[in-house]
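Asker: So that you have it, the file is model21.cif, and it contains mmCIF, C-alpha atoms:
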```cif
data_coords
#
loop_
_atom_site.group_PDB
_atom_site.id
_atom_site.type_symbol
_atom_site.label_atom_id
_atom_site.label_comp_id
_atom_site.auth_asym_id
_atom_site.auth_seq_id
_atom_site.Cartn_x
_atom_site.Cartn_y
_atom_site.Cartn_z
ATOM 1 C CA MET V 1 110.416 75.414 140.065
ATOM 2 C CA ARG V 2 107.873 77.232 142.157
ATOM 3 C CA GLY V 3 106.096 80.089 140.375
ATOM 4 C CA PHE V 4 105.538 83.664 141.528
ATOM 5 C CA PRO V 5 102.227 84.441 143.220
ATOM 6 C CA VAL V 6 99.731 85.564 140.560
ATOM 7 C CA VAL V 7 99.630 89.210 141.700
ATOM 8 C CA VAL V 8 103.412 89.453 141.749
ATOM 9 C CA ALA V 9 103.718 87.753 138.367
ATOM 10 C CA VAL V 10 101.217 90.133 136.769
ATOM 11 C CA ALA V 11 102.959 93.138 138.277
ATOM 12 C CA LEU V 12 106.346 91.893 137.094
ATOM 13 C CA SER V 13 104.991 91.302 133.595
ATOM 14 C CA ALA V 14 103.527 94.805 133.471
ATOM 15 C CA SER V 15 106.816 96.240 134.724
ATOM 16 C CA LEU V 16 108.814 94.441 132.048
ATOM 17 C CA CYS V 17 106.419 95.628 129.335
ATOM 18 C CA ALA V 18 106.705 99.180 130.584
ATOM 19 C CA GLN V 19 110.475 98.959 130.449
ATOM 20 C CA ALA V 20 110.605 97.473 126.934
ATOM 21 C CA PRO V 21 112.122 100.033 124.559
ATOM 22 C CA ALA V 22 109.803 101.411 121.913
ATOM 23 C CA SER V 23 110.534 100.336 118.362
ATOM 24 C CA LYS V 24 112.551 103.096 116.737
ATOM 25 C CA PHE V 25 113.339 103.345 113.036
ATOM 26 C CA ASP V 26 116.562 105.201 112.196
ATOM 27 C CA GLY V 27 116.382 106.855 108.775
ATOM 28 C CA GLY V 28 120.052 107.791 108.954
ATOM 29 C CA ARG V 29 121.058 104.178 109.397
ATOM 30 C CA ALA V 30 118.818 103.152 106.486
ATOM 31 C CA TYR V 31 120.406 105.880 104.343
ATOM 32 C CA GLU V 32 123.817 104.393 105.108
ATOM 33 C CA ASP V 33 122.542 101.020 103.888
ATOM 34 C CA VAL V 34 121.490 102.672 100.612
ATOM 35 C CA ARG V 35 124.933 104.262 100.346
ATOM 36 C CA GLN V 36 126.617 100.909 100.784
ATOM 37 C CA MET V 37 124.473 99.311 98.084
ATOM 38 C CA VAL V 38 124.910 102.202 95.652
ATOM 39 C CA THR V 39 128.658 101.877 96.136
ATOM 40 C CA ILE V 40 128.396 98.311 94.785
ATOM 41 C CA GLY V 41 127.066 99.770 91.530
ATOM 42 C CA PRO V 42 124.425 98.279 89.201
ATOM 43 C CA ARG V 43 122.700 95.264 90.743
ATOM 44 C CA PRO V 44 120.522 93.582 88.099
ATOM 45 C CA SER V 45 119.362 90.015 88.609
ATOM 46 C CA GLY V 46 122.041 87.416 87.931
ATOM 47 C CA SER V 47 124.919 89.903 88.137
ATOM 48 C CA PRO V 48 127.994 89.982 90.403
ATOM 49 C CA GLY V 49 126.549 93.198 91.841
ATOM 50 C CA ILE V 50 123.393 91.565 93.107
ATOM 51 C CA GLN V 51 125.432 88.739 94.650
ATOM 52 C CA GLN V 52 127.452 91.356 96.547
ATOM 53 C CA THR V 53 124.185 92.963 97.609
ATOM 54 C CA ARG V 54 122.898 89.630 98.893
ATOM 55 C CA ASP V 55 126.077 89.216 100.910
ATOM 56 C CA TYR V 56 125.616 92.686 102.396
ATOM 57 C CA ILE V 57 121.955 92.049 103.265
ATOM 58 C CA LYS V 58 122.747 88.711 104.900
ATOM 59 C CA LYS V 59 125.564 90.247 106.921
ATOM 60 C CA GLN V 60 123.323 93.037 108.221
ATOM 61 C CA LEU V 61 120.502 90.670 109.113
ATOM 62 C CA ALA V 62 122.909 88.344 110.909
ATOM 63 C CA ALA V 63 124.162 91.326 112.913
ATOM 64 C CA ALA V 64 120.539 91.961 113.914
ATOM 65 C CA GLY V 65 120.316 88.369 115.139
ATOM 66 C CA LEU V 66 118.152 87.071 112.313
ATOM 67 C CA LYS V 67 118.575 83.872 110.355
ATOM 68 C CA VAL V 68 118.373 84.310 106.572
ATOM 69 C CA GLU V 69 116.751 81.770 104.281
ATOM 70 C CA GLU V 70 117.511 81.835 100.562
ATOM 71 C CA GLN V 71 114.809 80.984 98.026
ATOM 72 C CA PRO V 72 116.689 80.366 94.764
ATOM 73 C CA PHE V 73 115.051 79.813 91.393
ATOM 74 C CA ASP V 74 115.843 80.053 87.697
ATOM 75 C CA ALA V 75 113.625 82.493 85.815
ATOM 76 C CA ALA V 76 112.838 82.235 82.105
ATOM 77 C CA THR V 77 113.384 85.749 80.740
ATOM 78 C CA PRO V 78 113.617 87.298 77.257
ATOM 79 C CA LEU V 79 117.409 87.034 77.648
ATOM 80 C CA GLY V 80 117.320 83.373 78.649
ATOM 81 C CA GLN V 81 117.369 81.754 82.075
ATOM 82 C CA ILE V 82 118.625 83.956 84.904
ATOM 83 C CA HIS V 83 119.364 82.664 88.391
ATOM 84 C CA MET V 84 117.528 84.696 91.018
ATOM 85 C CA VAL V 85 117.320 84.495 94.802
ATOM 86 C CA ASN V 86 114.693 85.809 97.210
ATOM 87 C CA LEU V 87 115.876 86.331 100.782
ATOM 88 C CA ARG V 88 113.679 85.762 103.835
ATOM 89 C CA ALA V 89 114.145 86.512 107.525
ATOM 90 C CA THR V 90 111.463 86.255 110.199
ATOM 91 C CA LEU V 91 110.952 88.214 113.396
ATOM 92 C CA PRO V 92 109.245 85.852 115.870
ATOM 93 C CA GLY V 93 105.663 86.371 116.996
ATOM 94 C CA GLN V 94 103.642 85.288 120.009
ATOM 95 C CA ALA V 95 100.979 83.446 117.969
ATOM 96 C CA GLN V 96 103.012 81.171 115.721
ATOM 97 C CA ASP V 97 99.936 79.207 114.613
ATOM 98 C CA ARG V 98 97.971 82.169 113.231
ATOM 99 C CA GLY V 99 100.075 82.887 110.195
ATOM 100 C CA ARG V 100 102.372 85.811 109.553
ATOM 101 C CA ILE V 101 102.623 89.306 108.154
ATOM 102 C CA VAL V 102 105.042 89.705 105.249
ATOM 103 C CA VAL V 103 106.797 93.028 104.633
ATOM 104 C CA GLY V 104 108.664 93.025 101.353
ATOM 105 C CA GLY V 105 110.524 94.995 98.733
ATOM 106 C CA HIS V 106 112.889 94.317 95.858
ATOM 107 C CA TYR V 107 116.669 94.607 95.947
ATOM 108 C CA ASP V 108 117.512 94.247 92.245
ATOM 109 C CA THR V 109 118.078 97.170 89.876
ATOM 110 C CA LYS V 110 116.918 97.563 86.286
ATOM 111 C CA LEU V 111 119.363 96.390 83.638
ATOM 112 C CA PHE V 112 120.532 99.232 81.392
ATOM 113 C CA ARG V 113 123.309 98.927 78.851
ATOM 114 C CA GLN V 114 123.292 102.608 77.866
ATOM 115 C CA PHE V 115 124.358 103.904 81.286
ATOM 116 C CA SER V 116 125.323 102.806 84.786
ATOM 117 C CA PHE V 117 122.127 102.560 86.823
ATOM 118 C CA VAL V 118 122.728 102.329 90.574
ATOM 119 C CA GLY V 119 119.077 102.631 91.686
ATOM 120 C CA ALA V 120 119.390 104.586 94.923
ATOM 121 C CA SER V 121 115.629 104.808 95.349
ATOM 122 C CA ASP V 122 114.574 102.080 92.919
ATOM 123 C CA GLY V 123 115.966 99.000 94.560
ATOM 124 C CA GLY V 124 118.219 100.588 97.162
ATOM 125 C CA SER V 125 115.602 102.298 99.327
ATOM 126 C CA SER V 126 113.344 99.243 99.683
ATOM 127 C CA ALA V 127 116.199 96.909 100.618
ATOM 128 C CA ALA V 128 117.593 99.449 103.086
ATOM 129 C CA PHE V 129 114.150 99.975 104.590
ATOM 130 C CA LEU V 130 113.771 96.263 105.288
ATOM 131 C CA LEU V 131 117.174 96.103 106.956
ATOM 132 C CA GLU V 132 116.377 98.987 109.280
ATOM 133 C CA PHE V 133 112.866 97.641 109.902
ATOM 134 C CA ALA V 134 114.530 94.444 111.130
ATOM 135 C CA ARG V 135 116.739 96.397 113.523
ATOM 136 C CA ALA V 136 113.848 98.513 114.760
ATOM 137 C CA LEU V 137 111.553 95.566 115.487
ATOM 138 C CA LYS V 138 113.997 92.946 116.732
ATOM 139 C CA GLY V 139 113.165 93.670 120.389
ATOM 140 C CA ARG V 140 109.413 94.080 119.855
ATOM 141 C CA ALA V 141 106.837 91.581 121.139
ATOM 142 C CA ASN V 142 105.079 90.909 117.848
ATOM 143 C CA PRO V 143 101.603 89.332 118.107
ATOM 144 C CA LEU V 144 102.233 87.595 114.770
ATOM 145 C CA PRO V 145 105.557 86.692 113.172
ATOM 146 C CA ILE V 146 106.766 89.314 110.694
ATOM 147 C CA GLU V 147 108.619 87.995 107.681
ATOM 148 C CA LEU V 148 110.982 90.351 105.873
ATOM 149 C CA LEU V 149 111.071 89.450 102.190
ATOM 150 C CA PHE V 150 113.817 90.739 99.876
ATOM 151 C CA LEU V 151 112.563 90.090 96.351
ATOM 152 C CA ASP V 152 114.805 89.484 93.366
ATOM 153 C CA GLY V 153 113.667 90.120 89.800
ATOM 154 C CA GLU V 154 111.053 92.819 90.284
ATOM 155 C CA GLU V 155 112.464 94.744 87.353
ATOM 156 C CA ALA V 156 111.810 93.799 83.752
ATOM 157 C CA VAL V 157 114.868 92.257 82.110
ATOM 158 C CA VAL V 158 113.898 93.971 78.833
ATOM 159 C CA ASP V 159 110.467 95.657 78.955
ATOM 160 C CA TRP V 160 107.590 95.514 81.437
ATOM 161 C CA HIS V 161 105.363 93.384 79.258
ATOM 162 C CA GLY V 162 103.736 89.977 79.619
ATOM 163 C CA THR V 163 105.613 88.145 82.369
ATOM 164 C CA ASP V 164 108.869 90.090 82.066
ATOM 165 C CA HIS V 165 108.674 91.518 85.587
ATOM 166 C CA THR V 166 107.989 90.593 89.233
ATOM 167 C CA TYR V 167 109.812 87.269 88.903
ATOM 168 C CA GLY V 168 110.599 86.983 92.613
ATOM 169 C CA SER V 169 107.109 87.686 93.922
ATOM 170 C CA ARG V 170 105.544 85.419 91.306
ATOM 171 C CA PHE V 171 107.820 82.534 92.313
ATOM 172 C CA TYR V 172 107.278 83.195 96.040
ATOM 173 C CA VAL V 173 103.480 83.122 95.690
ATOM 174 C CA GLN V 174 103.527 80.117 93.368
ATOM 175 C CA GLU V 175 105.577 78.190 95.930
ATOM 176 C CA ALA V 176 103.230 79.218 98.734
ATOM 177 C CA ARG V 177 100.270 77.993 96.705
ATOM 178 C CA ARG V 178 102.047 74.767 95.718
ATOM 179 C CA THR V 179 102.876 73.919 99.321
ATOM 180 C CA GLY V 180 99.467 74.997 100.637
ATOM 181 C CA THR V 181 100.996 77.703 102.848
ATOM 182 C CA ALA V 182 99.577 80.784 101.093
ATOM 183 C CA LYS V 183 96.807 80.894 103.711
ATOM 184 C CA GLU V 184 99.452 81.523 106.360
ATOM 185 C CA ILE V 185 100.262 84.914 104.807
ATOM 186 C CA ARG V 186 97.719 87.125 106.555
ATOM 187 C CA ALA V 187 98.841 90.385 104.932
ATOM 188 C CA PHE V 188 101.526 91.654 102.580
ATOM 189 C CA ILE V 189 103.025 95.144 102.872
ATOM 190 C CA LEU V 190 105.180 96.225 99.934
ATOM 191 C CA VAL V 191 107.616 99.143 99.963
ATOM 192 C CA ASP V 192 109.163 100.408 96.740
ATOM 193 C CA MET V 193 110.930 103.628 95.707
ATOM 194 C CA ILE V 194 110.518 105.357 99.067
ATOM 195 C CA GLY V 195 113.759 107.356 99.168
ATOM 196 C CA ASP V 196 112.846 110.379 97.022
ATOM 197 C CA ARG V 197 113.812 113.691 98.634
ATOM 198 C CA ASP V 198 110.429 115.051 97.535
ATOM 199 C CA LEU V 199 108.435 112.086 98.763
ATOM 200 C CA ASP V 200 104.851 111.807 97.474
ATOM 201 C CA ILE V 201 103.065 108.543 98.179
ATOM 202 C CA HIS V 202 99.599 108.125 96.693
ATOM 203 C CA ARG V 203 97.069 105.500 97.677
ATOM 204 C CA GLU V 204 97.472 102.589 95.284
ATOM 205 C CA GLN V 205 94.127 101.669 93.702
ATOM 206 C CA ASN V 206 94.601 97.896 93.552
ATOM 207 C CA SER V 207 95.643 97.621 97.202
ATOM 208 C CA THR V 208 93.354 96.179 99.898
ATOM 209 C CA ARG V 209 91.245 99.005 101.334
ATOM 210 C CA TRP V 210 91.427 98.203 105.039
ATOM 211 C CA LEU V 211 95.187 97.717 104.906
ATOM 212 C CA THR V 212 95.674 100.978 103.005
ATOM 213 C CA ASP V 213 93.427 102.774 105.493
ATOM 214 C CA ALA V 214 95.492 101.495 108.430
ATOM 215 C CA VAL V 215 98.695 102.891 106.904
ATOM 216 C CA TRP V 216 97.173 106.235 105.924
ATOM 217 C CA GLU V 217 95.491 106.661 109.300
ATOM 218 C CA ALA V 218 98.881 106.214 110.978
ATOM 219 C CA ALA V 219 100.352 108.830 108.634
ATOM 220 C CA ARG V 220 97.488 111.203 109.456
ATOM 221 C CA LYS V 221 98.067 110.838 113.191
ATOM 222 C CA LEU V 222 101.784 111.496 112.673
ATOM 223 C CA LYS V 223 100.887 114.533 110.501
ATOM 224 C CA LEU V 224 103.045 113.335 107.625
ATOM 225 C CA ALA V 225 102.052 115.179 104.461
ATOM 226 C CA GLU V 226 104.069 112.773 102.292
ATOM 227 C CA PHE V 227 101.116 110.348 102.309
ATOM 228 C CA LEU V 228 98.548 111.779 99.890
ATOM 229 C CA GLU V 229 94.881 110.914 99.483
ATOM 230 C CA GLU V 230 94.981 110.853 95.674
ATOM 231 C CA THR V 231 94.828 107.353 94.190
ATOM 232 C CA THR V 232 96.691 105.782 91.291
ATOM 233 C CA PRO V 233 96.927 102.208 89.934
ATOM 234 C CA ILE V 234 100.409 100.706 89.904
ATOM 235 C CA GLU V 235 101.681 97.342 88.697
ATOM 236 C CA ASP V 236 104.125 96.009 91.251
ATOM 237 C CA ASP V 237 104.999 92.943 93.314
ATOM 238 C CA HIS V 238 101.827 93.225 95.405
ATOM 239 C CA LEU V 239 99.645 92.137 92.468
ATOM 240 C CA GLU V 240 100.969 88.570 92.725
ATOM 241 C CA PHE V 241 99.815 88.432 96.364
ATOM 242 C CA LEU V 242 96.445 90.009 95.613
ATOM 243 C CA ALA V 243 95.853 87.417 92.905
ATOM 244 C CA ALA V 244 96.296 84.745 95.597
ATOM 245 C CA GLY V 245 93.663 86.406 97.792
ATOM 246 C CA ILE V 246 96.189 87.877 100.232
ATOM 247 C CA PRO V 247 95.383 91.372 101.590
ATOM 248 C CA SER V 248 98.138 93.633 100.247
ATOM 249 C CA VAL V 249 99.197 97.276 100.098
ATOM 250 C CA ASP V 250 101.829 98.963 97.925
ATOM 251 C CA ILE V 251 103.643 101.920 99.473
ATOM 252 C CA ILE V 252 105.435 103.552 96.552
ATOM 253 C CA ASP V 253 106.452 106.953 95.200
ATOM 254 C CA LEU V 254 106.282 106.634 91.440
ATOM 255 C CA ASP V 255 106.219 110.420 91.076
ATOM 256 C CA TYR V 256 110.021 110.404 90.864
ATOM 257 C CA SER V 257 111.753 112.259 88.045
ATOM 258 C CA ALA V 258 114.864 110.051 88.302
ATOM 259 C CA TRP V 259 112.913 106.812 87.851
ATOM 260 C CA HIS V 260 114.943 104.518 85.584
ATOM 261 C CA GLN V 261 117.319 107.377 84.855
ATOM 262 C CA PRO V 262 121.071 107.640 85.529
ATOM 263 C CA GLU V 263 120.202 110.394 88.022
ATOM 264 C CA ASP V 264 118.734 107.871 90.493
ATOM 265 C CA ARG V 265 121.789 108.359 92.671
ATOM 266 C CA LEU V 266 122.403 108.954 96.362
ATOM 267 C CA ASP V 267 121.964 112.736 96.099
ATOM 268 C CA ARG V 268 118.341 112.252 94.992
ATOM 269 C CA ILE V 269 117.228 110.517 98.181
ATOM 270 C CA ALA V 270 116.952 111.591 101.822
ATOM 271 C CA ALA V 271 117.136 109.930 105.217
ATOM 272 C CA GLY V 272 114.011 111.878 106.192
ATOM 273 C CA SER V 273 111.960 110.125 103.511
ATOM 274 C CA LEU V 274 113.067 106.712 104.734
ATOM 275 C CA GLN V 275 112.316 107.869 108.272
ATOM 276 C CA ALA V 276 108.781 108.936 107.361
ATOM 277 C CA VAL V 277 107.892 105.541 105.894
ATOM 278 C CA GLY V 278 109.518 103.699 108.792
ATOM 279 C CA ASP V 279 107.633 105.762 111.369
ATOM 280 C CA VAL V 280 104.319 105.234 109.578
ATOM 281 C CA LEU V 281 104.637 101.467 109.250
ATOM 282 C CA ILE V 282 105.698 101.011 112.857
ATOM 283 C CA ALA V 283 102.756 103.175 113.947
ATOM 284 C CA ALA V 284 100.356 101.242 111.685
ATOM 285 C CA LEU V 285 101.388 97.771 112.880
ATOM 286 C CA PRO V 286 99.163 97.595 116.001
ATOM 287 C CA ALA V 287 96.001 98.333 113.997
ATOM 288 C CA ILE V 288 96.991 95.821 111.321
ATOM 289 C CA GLU V 289 97.786 93.161 113.921
ATOM 290 C CA ALA V 290 94.525 93.809 115.768
ATOM 291 C CA ARG V 291 92.593 93.246 112.543
ATOM 292 C CA LEU V 292 94.345 89.916 111.970
ATOM 293 C CA ARG V 293 93.936 88.433 115.451
#
```
Spell out the structure here as structure tokens.

Answerer:
Amino acid sequence: MRGFPVVVAVALSASLCAQAPASKFDGGRAYEDVRQMVTIGPRPSGSPGIQQTRDYIKKQLAAAGLKVEEQPFDAATPLGQIHMVNLRATLPGQAQDRGRIVVGGHYDTKLFRQFSFVGASDGGSSAAFLLEFARALKGRANPLPIELLFLDGEEAVVDWHGTDHTYGSRFYVQEARRTGTAKEIRAFILVDMIGDRDLDIHREQNSTRWLTDAVWEAARKLKLAEFLEETTPIEDDHLEFLAAGIPSVDIIDLDYSAWHQPEDRLDRIAAGSLQAVGDVLIAALPAIEARLR
């Protein structure tokens, strides 16, 4: 086949880029995903509820045109072995040989026997965010592949002590180290508990500075007051990645009065909070990608 003349080809390429729709996160659609998951009920690791949640996540990702890969494992917990499953889906990138960015969050809820815990923000918001992030970015020309990672077993089965927590991220990183592919993970962005109506996200002290700065600079440009300059240390899934030398940032609102309470229901979260985080991460991506090229 004969090619276009160079000038015409360049002009056509520029025209197509100009016509490409901007990535747009829809907080209302993400809120509906939370509603669907809350309707399932409690979703602790190894339960029928989390299996239903997996089915929902896979269905939504398939509708967005993404192939889902399961990463099953059996975790040794204080209550015995529990079968857990991480879910992975990758948005293609132009430079396949330069590694990938991983954006992750957990989709399990804390196990409580005293009350029914449906985790609208704690478990629901992060999973819903990832689903909408997939929809928003599916038509984007990503410089690097972006892997969406739905982590199982973030919550402690009994108490957050020793290794009774972050089962999914620990297994994911261990497998990456075992197979020699950890170096392919250029950055890890974690979202957790981002649905609070009164969203307050502090800088997380353990997180990689340049990655945190990129996110907060995007929030500053968007004039989003939900991203605060105060810092606080938080133990979360990102610590497993940091321990492997992977630049990581945790975007989390732990200043949430319904945390691990029966009140963590749909009426305590807002589409606008999900929208704010979605807008910030989409705005921060170019700076993050430029740093990693």

Asker: I need the residue nearest Gly168 (chain V) from this list: V:Leu87, V:Leu190, V:Val249, V:Ile57. Use only C-alpha atoms for the distance.

Answerer: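 Comparing V:Leu87, V:Leu190, V:Val249, V:Ile57 against Gly168 (chain V), the winner is V:Leu87.
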
Asker: Which residues match the PyMOL selection byres ((chain V and resi 270) around 8) in the file above, as a list in words?

Answerer: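 With the PyMOL selection byres ((chain V and resi 270) around 8) on this model, the match is Tyr31, Gly195, Asp196, Arg197, Asp267, Arg268, Ile269, Ala271, Gly272, Ser273 and Leu274 of chain V.
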
Asker: I'd like to see the residues matched by the PyMOL selection byres ((chain V and resi 94) around 9) on this file, and ideally I'd get them as a PDB file with C-alpha atoms, keeping the file's coordinate frame.

Answerer:
```pdb
ATOM      1  CA  PRO V  92     109.245  85.852 115.870  1.00  0.00           C
ATOM      2  CA  GLY V  93     105.663  86.371 116.996  1.00  0.00           C
ATOM      3  CA  ALA V  95     100.979  83.446 117.969  1.00  0.00           C
ATOM      4  CA  GLN V  96     103.012  81.171 115.721  1.00  0.00           C
ATOM      5  CA  ASP V  97      99.936  79.207 114.613  1.00  0.00           C
ATOM      6  CA  ALA V 141     106.837  91.581 121.139  1.00  0.00           C
ATOM      7  CA  ASN V 142     105.079  90.909 117.848  1.00  0.00           C
ATOM      8  CA  PRO V 143     101.603  89.332 118.107  1.00  0.00           C
ATOM      9  CA  LEU V 144     102.233  87.595 114.770  1.00  0.00           C
ATOM     10  CA  PRO V 145     105.557  86.692 113.172  1.00  0.00           C
TER      11      PRO V 145
END
```

Asker: Would you please work out which residue, of V:Gln81, V:Thr53, V:Gln60, V:Asn86, is nearest to Leu151 (chain V) when using all atoms listed in the file?

Answerer: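 Answer, going by the shortest atom-to-atom distance: V:Asn86.
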
Asker: Between region 176-220 of chain V and region 227-235 of chain V, at 6 Å or less, what are the per-residue closest atom pairs and their distances in Å? Count all atoms listed in the file, order by chain and rising residue number, and return it as JSON lines.

Answerer:
```
{"residue": "V:Ile201", "atom": "CA", "partner": "V:Phe227", "partner_atom": "CA", "distance": 4.9}
{"residue": "V:His202", "atom": "CA", "partner": "V:Leu228", "partner_atom": "CA", "distance": 5.0}
{"residue": "V:Arg203", "atom": "CA", "partner": "V:Thr231", "partner_atom": "CA", "distance": 4.5}
{"residue": "V:Glu204", "atom": "CA", "partner": "V:Thr232", "partner_atom": "CA", "distance": 5.2}
{"residue": "V:Gln205", "atom": "CA", "partner": "V:Pro233", "partner_atom": "CA", "distance": 4.7}
```

Asker: If the PyMOL selection byres ((chain V and resi 184) around 8) were run on this exact file, what residues would it hold? Put them as a PyMOL selection string.

Answerer: chain V and resi 98-100+181-183+185-186

Asker: Of the candidates V:Arg29, V:Arg265, V:Arg88, V:Arg291, which shows the shortest atom-to-atom distance to Ala136 (chain V), using only C-alpha atoms?

Answerer: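 Checking each candidate against Ala136 (chain V), we get V:Arg29 as the closest.
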
Asker: Select, from V:Lys58, V:Lys138, V:His83, V:Lys110, the residue with the minimum atom-to-atom distance to Gly46 (chain V), counting all atoms listed in the file.

Answerer: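 Of V:Lys58, V:Lys138, V:His83, V:Lys110, the one nearest Gly46 (chain V), counting all atoms listed in the file, is V:His83.
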
Asker: Looking at all atoms listed in the file, which of V:His106, V:Ile189, V:Ala134, V:Glu217 is the one that sits closest to His165 (chain V)?

Answerer: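 Nearest to His165 (chain V): V:His106.
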
Asker: Which distance in Å separates CA of Val118 (chain V) and CA of Gly28 (chain V), to one decimal?

Answerer: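 For CA of Val118 (chain V) relative to CA of Gly28 (chain V), the distance reads 19.4 Å.
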